[in-house]
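**Student:** My structure is in target-v4.cif, and what it holds is mmCIF, C-alpha atoms:
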data_coords
#
loop_
_atom_site.label_atom_id
_atom_site.label_comp_id
_atom_site.auth_asym_id
_atom_site.auth_seq_id
_atom_site.Cartn_x
_atom_site.Cartn_y
_atom_site.Cartn_z
CA TYR E 1 -6.83 -60.86 -130.97
CA ASP E 2 -8.40 -62.31 -134.07
CA CYS E 3 -11.79 -63.96 -134.33
CA LEU E 4 -12.33 -66.93 -136.61
CA LEU E 5 -14.50 -66.12 -139.57
CA ALA E 6 -15.48 -69.74 -140.12
CA GLY E 7 -15.34 -73.01 -138.24
CA ASN E 8 -17.24 -75.28 -135.91
CA VAL E 9 -17.78 -74.95 -132.14
CA GLY E 10 -14.60 -76.86 -131.32
CA ALA E 11 -12.52 -74.51 -133.47
CA TYR E 12 -13.94 -71.45 -131.72
CA GLN E 13 -13.35 -73.01 -128.29
CA GLN E 14 -9.78 -73.86 -129.18
CA ASN E 15 -9.19 -70.31 -130.41
CA ILE E 16 -10.61 -68.85 -127.18
CA LEU E 17 -8.40 -71.10 -125.05
CA GLY E 18 -5.39 -69.79 -126.93
CA LEU E 19 -6.07 -66.20 -125.89
CA PRO E 20 -3.94 -64.81 -123.02
CA ILE E 21 -5.60 -64.92 -119.61
CA ASN E 22 -4.21 -61.58 -118.48
CA GLN E 23 -4.67 -58.71 -120.91
CA SER E 24 -2.36 -55.72 -120.92
CA PRO E 25 -3.83 -52.19 -120.56
CA SER E 26 -2.95 -51.45 -124.17
CA VAL E 27 -5.73 -53.80 -125.27
CA PHE E 28 -8.22 -51.36 -123.75
CA GLY E 29 -6.39 -48.29 -125.01
CA LEU E 30 -4.84 -47.49 -121.62
CA HIS E 31 -1.31 -46.56 -120.61
CA PRO E 32 0.78 -49.42 -119.15
CA ASN E 33 0.94 -47.54 -115.82
CA ALA E 34 -2.80 -48.13 -115.42
CA GLU E 35 -1.94 -51.68 -114.41
CA ILE E 36 -0.09 -50.46 -111.30
CA ASN E 37 -3.27 -49.42 -109.47
CA TYR E 38 -4.87 -52.76 -110.29
CA PHE E 39 -1.95 -54.70 -108.81
CA MET E 40 -1.88 -52.49 -105.71
CA SER E 41 -5.61 -52.90 -105.12
CA SER E 42 -5.40 -56.65 -105.68
CA ALA E 43 -2.48 -57.01 -103.26
CA LYS E 44 -4.27 -55.00 -100.57
CA GLU E 45 -7.40 -57.11 -101.00
CA ILE E 46 -5.44 -60.37 -100.72
CA TYR E 47 -3.45 -59.28 -97.66
CA GLY E 48 -6.56 -57.85 -96.06
CA GLY E 49 -8.34 -61.17 -96.49
CA LEU E 50 -5.41 -63.07 -95.02
CA MET E 51 -5.26 -60.77 -92.00
CA SER E 52 -9.00 -61.09 -91.40
CA MET E 53 -8.58 -64.88 -91.20
CA GLN E 54 -6.34 -64.59 -88.15
CA THR E 55 -8.00 -66.11 -85.12
CA GLY E 56 -5.61 -64.88 -82.45
CA THR E 57 -6.36 -67.77 -80.09
CA GLY E 58 -2.87 -68.01 -78.65
CA GLY E 59 -4.02 -67.79 -75.05
CA ASP E 60 -4.06 -71.57 -74.53
CA GLY E 61 -0.39 -71.79 -75.41
CA GLY E 62 0.67 -69.15 -72.92
CA GLY E 63 0.59 -66.29 -75.45
CA MET E 64 -1.66 -63.27 -75.53
CA SER E 65 -5.23 -63.90 -76.67
CA ARG E 66 -6.97 -61.76 -79.26
CA GLU E 67 -9.09 -59.96 -76.66
CA GLU E 68 -6.06 -59.27 -74.47
CA PHE E 69 -4.11 -57.89 -77.41
CA ILE E 70 -6.96 -55.57 -78.40
CA GLU E 71 -7.41 -54.37 -74.82
CA LYS E 72 -3.68 -53.71 -74.47
CA THR E 73 -3.61 -51.79 -77.75
CA ALA E 74 -6.63 -49.73 -76.68
CA THR E 75 -4.95 -48.91 -73.36
CA ASP E 76 -1.73 -47.88 -75.11
CA ILE E 77 -3.66 -45.54 -77.41
CA GLN E 78 -5.54 -44.05 -74.47
CA LYS E 79 -2.25 -43.24 -72.75
CA LYS E 80 -0.95 -41.48 -75.86
CA ILE E 81 -4.01 -39.27 -76.41
CA PRO E 82 -3.10 -35.76 -75.16
CA ALA E 83 -4.82 -34.95 -71.87
CA ASP E 84 -4.92 -31.19 -72.49
CA GLU E 85 -7.67 -29.96 -74.78
CA LEU E 86 -6.62 -27.74 -77.64
CA LYS E 87 -8.03 -24.22 -77.34
CA PHE E 88 -7.55 -20.95 -79.16
CA LEU E 89 -9.29 -17.88 -77.78
CA LYS E 90 -9.19 -14.36 -79.21
CA ASP E 91 -11.28 -11.31 -78.40
CA THR E 92 -10.78 -9.52 -81.72
CA VAL E 93 -11.76 -10.64 -85.21
CA PRO E 94 -9.55 -13.60 -86.21
CA THR E 95 -7.28 -13.38 -89.23
CA PRO E 96 -7.72 -15.80 -92.15
CA LEU E 97 -4.92 -18.00 -90.78
CA GLU E 98 -6.49 -18.00 -87.31
CA VAL E 99 -9.81 -19.06 -88.81
CA VAL E 100 -8.02 -22.06 -90.34
CA LEU E 101 -6.53 -22.87 -86.93
CA LEU E 102 -9.95 -22.72 -85.27
CA GLN E 103 -11.41 -25.06 -87.88
CA GLU E 104 -8.51 -27.49 -87.58
CA ILE E 105 -8.74 -27.57 -83.78
CA GLU E 106 -12.48 -28.21 -83.97
CA ARG E 107 -11.96 -31.18 -86.29
CA TYR E 108 -9.08 -32.51 -84.20
CA GLU E 109 -11.00 -32.33 -80.93
CA GLY E 110 -13.93 -34.07 -82.59
CA LEU E 111 -11.60 -36.92 -83.51
CA VAL E 112 -10.19 -37.06 -79.97
CA LYS E 113 -13.67 -37.30 -78.43
CA LYS E 114 -14.60 -40.04 -80.90
CA MET E 115 -11.46 -42.03 -80.10
CA CYS E 116 -11.88 -41.70 -76.33
CA ALA E 117 -15.52 -42.81 -76.46
CA ASN E 118 -14.79 -45.76 -78.79
CA LEU E 119 -11.83 -47.01 -76.77
CA ALA E 120 -13.70 -46.80 -73.46
CA ASP E 121 -16.72 -48.65 -74.88
CA LEU E 122 -14.53 -51.26 -76.58
CA LYS E 123 -12.73 -52.13 -73.33
CA ARG E 124 -16.06 -52.39 -71.52
CA ALA E 125 -17.43 -54.62 -74.26
CA LEU E 126 -14.39 -56.90 -74.05
CA LYS E 127 -15.06 -57.31 -70.33
CA GLY E 128 -18.74 -58.07 -70.94
CA GLU E 129 -20.03 -54.94 -69.22
CA ILE E 130 -21.86 -53.80 -72.38
CA GLY E 131 -22.84 -55.50 -75.62
CA MET E 132 -20.32 -55.74 -78.44
CA THR E 133 -21.85 -53.77 -81.31
CA GLN E 134 -20.82 -54.16 -84.94
CA ALA E 135 -19.10 -50.77 -84.85
CA LEU E 136 -17.03 -51.72 -81.80
CA ASP E 137 -16.20 -55.10 -83.31
CA ASP E 138 -14.96 -53.42 -86.49
CA ILE E 139 -12.71 -51.16 -84.40
CA GLY E 140 -11.36 -54.17 -82.52
CA ILE E 141 -10.64 -56.08 -85.73
CA ALA E 142 -8.82 -53.08 -87.21
CA MET E 143 -6.72 -52.66 -84.07
CA PHE E 144 -5.89 -56.37 -84.00
CA ASN E 145 -4.72 -56.15 -87.61
CA GLY E 146 -2.73 -52.95 -86.99
CA GLN E 147 -5.03 -50.91 -89.23
CA LEU E 148 -6.69 -47.54 -88.74
CA PRO E 149 -10.36 -48.06 -87.74
CA GLY E 150 -12.76 -46.84 -90.38
CA ALA E 151 -14.74 -44.81 -87.84
CA TRP E 152 -11.62 -42.73 -87.15
CA ALA E 153 -10.48 -42.56 -90.75
CA LYS E 154 -13.76 -40.87 -91.76
CA ILE E 155 -13.01 -37.83 -89.59
CA SER E 156 -9.22 -37.77 -90.13
CA PRO E 157 -7.04 -36.46 -92.95
CA GLN E 158 -6.93 -38.93 -95.82
CA THR E 159 -4.19 -41.46 -95.20
CA GLU E 160 -2.97 -44.96 -96.02
CA LYS E 161 -0.88 -45.27 -92.86
CA PRO E 162 -1.17 -48.28 -90.54
CA LEU E 163 -2.30 -47.66 -86.97
CA GLY E 164 1.18 -47.26 -85.47
CA SER E 165 2.38 -44.68 -88.00
CA TRP E 166 -0.98 -42.93 -87.87
CA MET E 167 -0.66 -42.42 -84.11
CA GLU E 168 2.69 -40.68 -84.65
CA HIS E 169 1.00 -38.48 -87.26
CA PHE E 170 -1.86 -37.85 -84.80
CA LEU E 171 0.55 -36.62 -82.09
CA ARG E 172 2.53 -34.46 -84.49
CA ARG E 173 -0.70 -32.75 -85.49
CA TYR E 174 -1.37 -31.95 -81.84
CA ARG E 175 2.07 -30.40 -81.43
CA GLN E 176 1.63 -28.25 -84.55
CA TYR E 177 -1.79 -26.96 -83.43
CA SER E 178 -0.56 -26.37 -79.88
CA ASP E 179 2.49 -24.37 -80.98
CA TRP E 180 0.39 -22.46 -83.49
CA ALA E 181 -2.16 -21.49 -80.83
CA VAL E 182 0.45 -20.46 -78.26
CA LYS E 183 3.25 -18.93 -80.35
CA GLY E 184 1.21 -17.50 -83.23
CA ASP E 185 1.42 -18.14 -86.96
CA PRO E 186 4.48 -20.30 -87.71
CA ALA E 187 7.00 -19.45 -90.39
CA VAL E 188 6.73 -23.02 -91.70
CA PHE E 189 3.52 -25.02 -91.98
CA TRP E 190 3.33 -28.80 -92.09
CA LEU E 191 0.69 -29.24 -94.79
CA SER E 192 0.40 -33.00 -94.32
CA GLY E 193 -0.60 -32.38 -90.72
CA LEU E 194 -3.69 -30.37 -91.66
CA HIS E 195 -7.13 -31.84 -92.17
CA VAL E 196 -7.89 -29.47 -95.07
CA PRO E 197 -4.58 -28.11 -96.44
CA GLU E 198 -6.42 -26.25 -99.19
CA SER E 199 -8.00 -23.93 -96.63
CA LEU E 200 -4.56 -22.83 -95.43
CA LEU E 201 -3.40 -22.09 -98.96
CA SER E 202 -6.50 -19.96 -99.56
CA ALA E 203 -5.98 -18.17 -96.25
CA LEU E 204 -2.39 -17.34 -97.17
CA VAL E 205 -3.58 -15.67 -100.35
CA GLN E 206 -6.26 -13.73 -98.45
CA ALA E 207 -3.81 -12.58 -95.78
CA SER E 208 -1.28 -11.43 -98.38
CA CYS E 209 -3.93 -9.54 -100.30
CA ARG E 210 -5.11 -7.73 -97.16
CA ARG E 211 -1.57 -6.83 -96.14
CA ARG E 212 -0.50 -5.56 -99.56
CA GLY E 213 -3.81 -4.23 -100.85
CA TRP E 214 -3.97 -6.61 -103.78
CA ALA E 215 -7.12 -7.73 -105.58
CA LEU E 216 -8.05 -11.19 -104.32
CA ASP E 217 -9.43 -12.40 -107.65
CA LYS E 218 -6.16 -11.50 -109.38
CA SER E 219 -3.82 -13.15 -106.86
CA THR E 220 -2.57 -16.72 -106.73
CA LEU E 221 0.15 -18.89 -105.23
CA TYR E 222 3.35 -20.03 -106.89
CA THR E 223 5.88 -22.59 -105.69
CA LYS E 224 9.60 -22.02 -105.34
CA VAL E 225 11.75 -25.04 -104.57
CA THR E 226 14.55 -24.45 -102.06
CA GLN E 227 17.26 -26.57 -100.46
CA ILE E 228 16.30 -25.66 -96.90
CA GLU E 229 15.67 -28.78 -94.79
CA ASP E 230 15.65 -27.26 -91.30
CA ALA E 231 12.47 -25.34 -90.39
CA SER E 232 14.38 -23.21 -87.88
CA LEU E 233 16.32 -21.60 -90.74
CA VAL E 234 13.13 -20.10 -92.18
CA THR E 235 12.26 -16.68 -90.80
#
Once you've parsed the file, please lay out its structure as structure tokens.

**Tutor:**
Amino acid sequence: YDCLLAGNVGAYQQNILGLPINQSPSVFGLHPNAEINYFMSSAKEIYGGLMSMQTGTGGDGGGMSREEFIEKTATDIQKKIPADELKFLKDTVPTPLEVVLLQEIERYEGLVKKMCANLADLKRALKGEIGMTQALDDIGIAMFNGQLPGAWAKISPQTEKPLGSWMEHFLRRYRQYSDWAVKGDPAVFWLSGLHVPESLLSALVQASCRRRGWALDKSTLYTKVTQIEDASLVT
């Protein structure tokens, strides 16, 4: 990247046209891996724009229309939402791990209530019983594109999953919380199924310090890699 020290306007223009259009990260003093995030973000933006251009007007040809597809998807999600509310009741003072469980259940039930309300209103709006707000329209667009609605993503664990995979994750979280509440503290925790995994790690340190009489400010966690793949083998 050299700049001409002398010359007319045409010479400068010709020199500029000779420069590469795409610059490598090294030009800006960055590692070559910095380009990976740029390509990923660009690809997501392009595919997102293409998906948003879908009209979904296949009803005239005998296929399912956009509104019918959204309504069917909403109904399928409603059927999958657990009917039993998660609860954890204890008369005595909860342990640090039980406090984490209470907080996780509270966040999960808040998400469930949000989903139920949004899906019911969306189906009513599709039928014309109520007005279609911008928030409901955004949820419908996301469901039509197979994406997680932003209104749900805000109160869910951070994820990049599409809607189908996210629903599987959503149900697995319910099973973990339910087993935890009924059977007690598990021997193996699924960290990815927690809204705030950091709180569990802190609670484990607190519980260990209480049990062993250690100083909390002088205790920490360390990781040991094992070859155990079956959770039932951990006791």

**Student:** Between CA of Lys127 (chain E) and CA of Leu50 (chain E), what is the distance in Å, rounded to a tenth?

**Tutor:** 27.1 Å

**Student:** Using CA of Pro96 (chain E) and CA of Ala203 (chain E) as the two end points, give the distance in Å to one decimal.

**Tutor:** 5.0 Å

**Student:** Do a neighbour search on Gly49 (chain E) at 12 Å with all atoms listed in the file, toss out local chain neighbours closer than 6 positions, and write the hits as an NGL selection string.

**Tutor:** :E and (42-43 or 145)

**Student:** Can you translate the PyMOL selection byres ((chain E and resi 166) around 12) into the concrete residues it hits in this file, as a PDB file with C-alpha atoms, in the frame of the given file?

**Tutor:**
ATOM      1  CA  ILE E  77      -3.660 -45.540 -77.410  1.00  0.00           C
ATOM      2  CA  MET E 143      -6.720 -52.660 -84.070  1.00  0.00           C
ATOM      3  CA  GLY E 146      -2.730 -52.950 -86.990  1.00  0.00           C
ATOM      4  CA  GLN E 147      -5.030 -50.910 -89.230  1.00  0.00           C
ATOM      5  CA  LEU E 148      -6.690 -47.540 -88.740  1.00  0.00           C
ATOM      6  CA  PRO E 149     -10.360 -48.060 -87.740  1.00  0.00           C
ATOM      7  CA  TRP E 152     -11.620 -42.730 -87.150  1.00  0.00           C
ATOM      8  CA  ALA E 153     -10.480 -42.560 -90.750  1.00  0.00           C
ATOM      9  CA  SER E 156      -9.220 -37.770 -90.130  1.00  0.00           C
ATOM     10  CA  PRO E 157      -7.040 -36.460 -92.950  1.00  0.00           C
ATOM     11  CA  GLN E 158      -6.930 -38.930 -95.820  1.00  0.00           C
ATOM     12  CA  THR E 159      -4.190 -41.460 -95.200  1.00  0.00           C
ATOM     13  CA  GLU E 160      -2.970 -44.960 -96.020  1.00  0.00           C
ATOM     14  CA  LYS E 161      -0.880 -45.270 -92.860  1.00  0.00           C
ATOM     15  CA  PRO E 162      -1.170 -48.280 -90.540  1.00  0.00           C
ATOM     16  CA  LEU E 163      -2.300 -47.660 -86.970  1.00  0.00           C
ATOM     17  CA  GLY E 164       1.180 -47.260 -85.470  1.00  0.00           C
ATOM     18  CA  SER E 165       2.380 -44.680 -88.000  1.00  0.00           C
ATOM     19  CA  MET E 167      -0.660 -42.420 -84.110  1.00  0.00           C
ATOM     20  CA  GLU E 168       2.690 -40.680 -84.650  1.00  0.00           C
ATOM     21  CA  HIS E 169       1.000 -38.480 -87.260  1.00  0.00           C
ATOM     22  CA  PHE E 170      -1.860 -37.850 -84.800  1.00  0.00           C
ATOM     23  CA  LEU E 171       0.550 -36.620 -82.090  1.00  0.00           C
ATOM     24  CA  ARG E 172       2.530 -34.460 -84.490  1.00  0.00           C
ATOM     25  CA  ARG E 173      -0.700 -32.750 -85.490  1.00  0.00           C
ATOM     26  CA  SER E 192       0.400 -33.000 -94.320  1.00  0.00           C
ATOM     27  CA  GLY E 193      -0.600 -32.380 -90.720  1.00  0.00           C
TER      28      GLY E 193
END

**Student:** Between CA of Asn22 (chain E) and CA of Met51 (chain E), measure the distance and give it in Å to one decimal.

**Tutor:** 26.5 Å

**Student:** Using only C-alpha atoms, can you tell me which of E:Ser219, E:Thr133, E:Gln78, E:Ser65 comes closest to Lys113 (chain E)?

**Tutor:**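 The answer is E:Gln78, which sits nearest to Lys113 (chain E).
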
**Student:** Rank E:Ala125, E:Ala120, E:Leu101, E:Val225 by their smallest atom-to-atom distance to Asp185 (chain E), using all atoms listed in the file, and report the top residue only.

**Tutor:** E:Leu101

**Student:** With distances taken over all atoms listed in the file, which residue among E:Phe189, E:Asp179, E:Phe69, E:Ala151 lies nearest Gln134 (chain E)?

**Tutor:** E:Ala151

**Student:** So, counting all atoms listed in the file, which residue among E:Leu200, E:Leu126, E:Val188, E:Val205 is closest to Ser232 (chain E)?

**Tutor:**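 Of E:Leu200, E:Leu126, E:Val188, E:Val205, the one nearest Ser232 (chain E), counting all atoms listed in the file, is E:Val188.
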
**Student:** Output the residue selection produced by the PyMOL selection byres ((chain E and resi 174) around 12) on the file above, formatted as a PyMOL selection string.

**Tutor:** chain E and resi 80-87+101+104-109+111-112+167-173+175-181+190+193-195

**Student:** Can you spit out the residues from that selection as a JSON list (two decimals), in the frame of the given file, using C-alpha atoms?

**Tutor:**
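This went into out_25.json:
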[["chain", "number", "residue", "atom", "x", "y", "z"],
["E", 80, "LYS", "CA", -0.95, -41.48, -75.86],
["E", 81, "ILE", "CA", -4.01, -39.27, -76.41],
["E", 82, "PRO", "CA", -3.10, -35.76, -75.16],
["E", 83, "ALA", "CA", -4.82, -34.95, -71.87],
["E", 84, "ASP", "CA", -4.92, -31.19, -72.49],
["E", 85, "GLU", "CA", -7.67, -29.96, -74.78],
["E", 86, "LEU", "CA", -6.62, -27.74, -77.64],
["E", 87, "LYS", "CA", -8.03, -24.22, -77.34],
["E", 101, "LEU", "CA", -6.53, -22.87, -86.93],
["E", 104, "GLU", "CA", -8.51, -27.49, -87.58],
["E", 105, "ILE", "CA", -8.74, -27.57, -83.78],
["E", 106, "GLU", "CA", -12.48, -28.21, -83.97],
["E", 107, "ARG", "CA", -11.96, -31.18, -86.29],
["E", 108, "TYR", "CA", -9.08, -32.51, -84.20],
["E", 109, "GLU", "CA", -11.00, -32.33, -80.93],
["E", 111, "LEU", "CA", -11.60, -36.92, -83.51],
["E", 112, "VAL", "CA", -10.19, -37.06, -79.97],
["E", 167, "MET", "CA", -0.66, -42.42, -84.11],
["E", 168, "GLU", "CA", 2.69, -40.68, -84.65],
["E", 169, "HIS", "CA", 1.00, -38.48, -87.26],
["E", 170, "PHE", "CA", -1.86, -37.85, -84.80],
["E", 171, "LEU", "CA", 0.55, -36.62, -82.09],
["E", 172, "ARG", "CA", 2.53, -34.46, -84.49],
["E", 173, "ARG", "CA", -0.70, -32.75, -85.49],
["E", 175, "ARG", "CA", 2.07, -30.40, -81.43],
["E", 176, "GLN", "CA", 1.63, -28.25, -84.55],
["E", 177, "TYR", "CA", -1.79, -26.96, -83.43],
["E", 178, "SER", "CA", -0.56, -26.37, -79.88],
["E", 179, "ASP", "CA", 2.49, -24.37, -80.98],
["E", 180, "TRP", "CA", 0.39, -22.46, -83.49],
["E", 181, "ALA", "CA", -2.16, -21.49, -80.83],
["E", 190, "TRP", "CA", 3.33, -28.80, -92.09],
["E", 193, "GLY", "CA", -0.60, -32.38, -90.72],
["E", 194, "LEU", "CA", -3.69, -30.37, -91.66],
["E", 195, "HIS", "CA", -7.13, -31.84, -92.17]]

**Student:** Quick one: everything within 8 Å of Leu136 (chain E), counting all atoms listed in the file, minus sequence neighbours fewer than 5 positions away in the same chain. Send it as an NGL selection string.

**Tutor:** :E and (118 or 121-122)

**Student:** Given the file shown, enumerate the residues that the PyMOL selection byres ((chain E and resi 231) around 12) captures and present them as a list in words.

**Tutor:**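 Applied to this file, the PyMOL selection byres ((chain E and resi 231) around 12) selects Pro186, Ala187, Val188, Phe189, Trp190, Thr226, Gln227, Ile228, Glu229, Asp230, Ser232, Leu233, Val234 and Thr235 of chain E.
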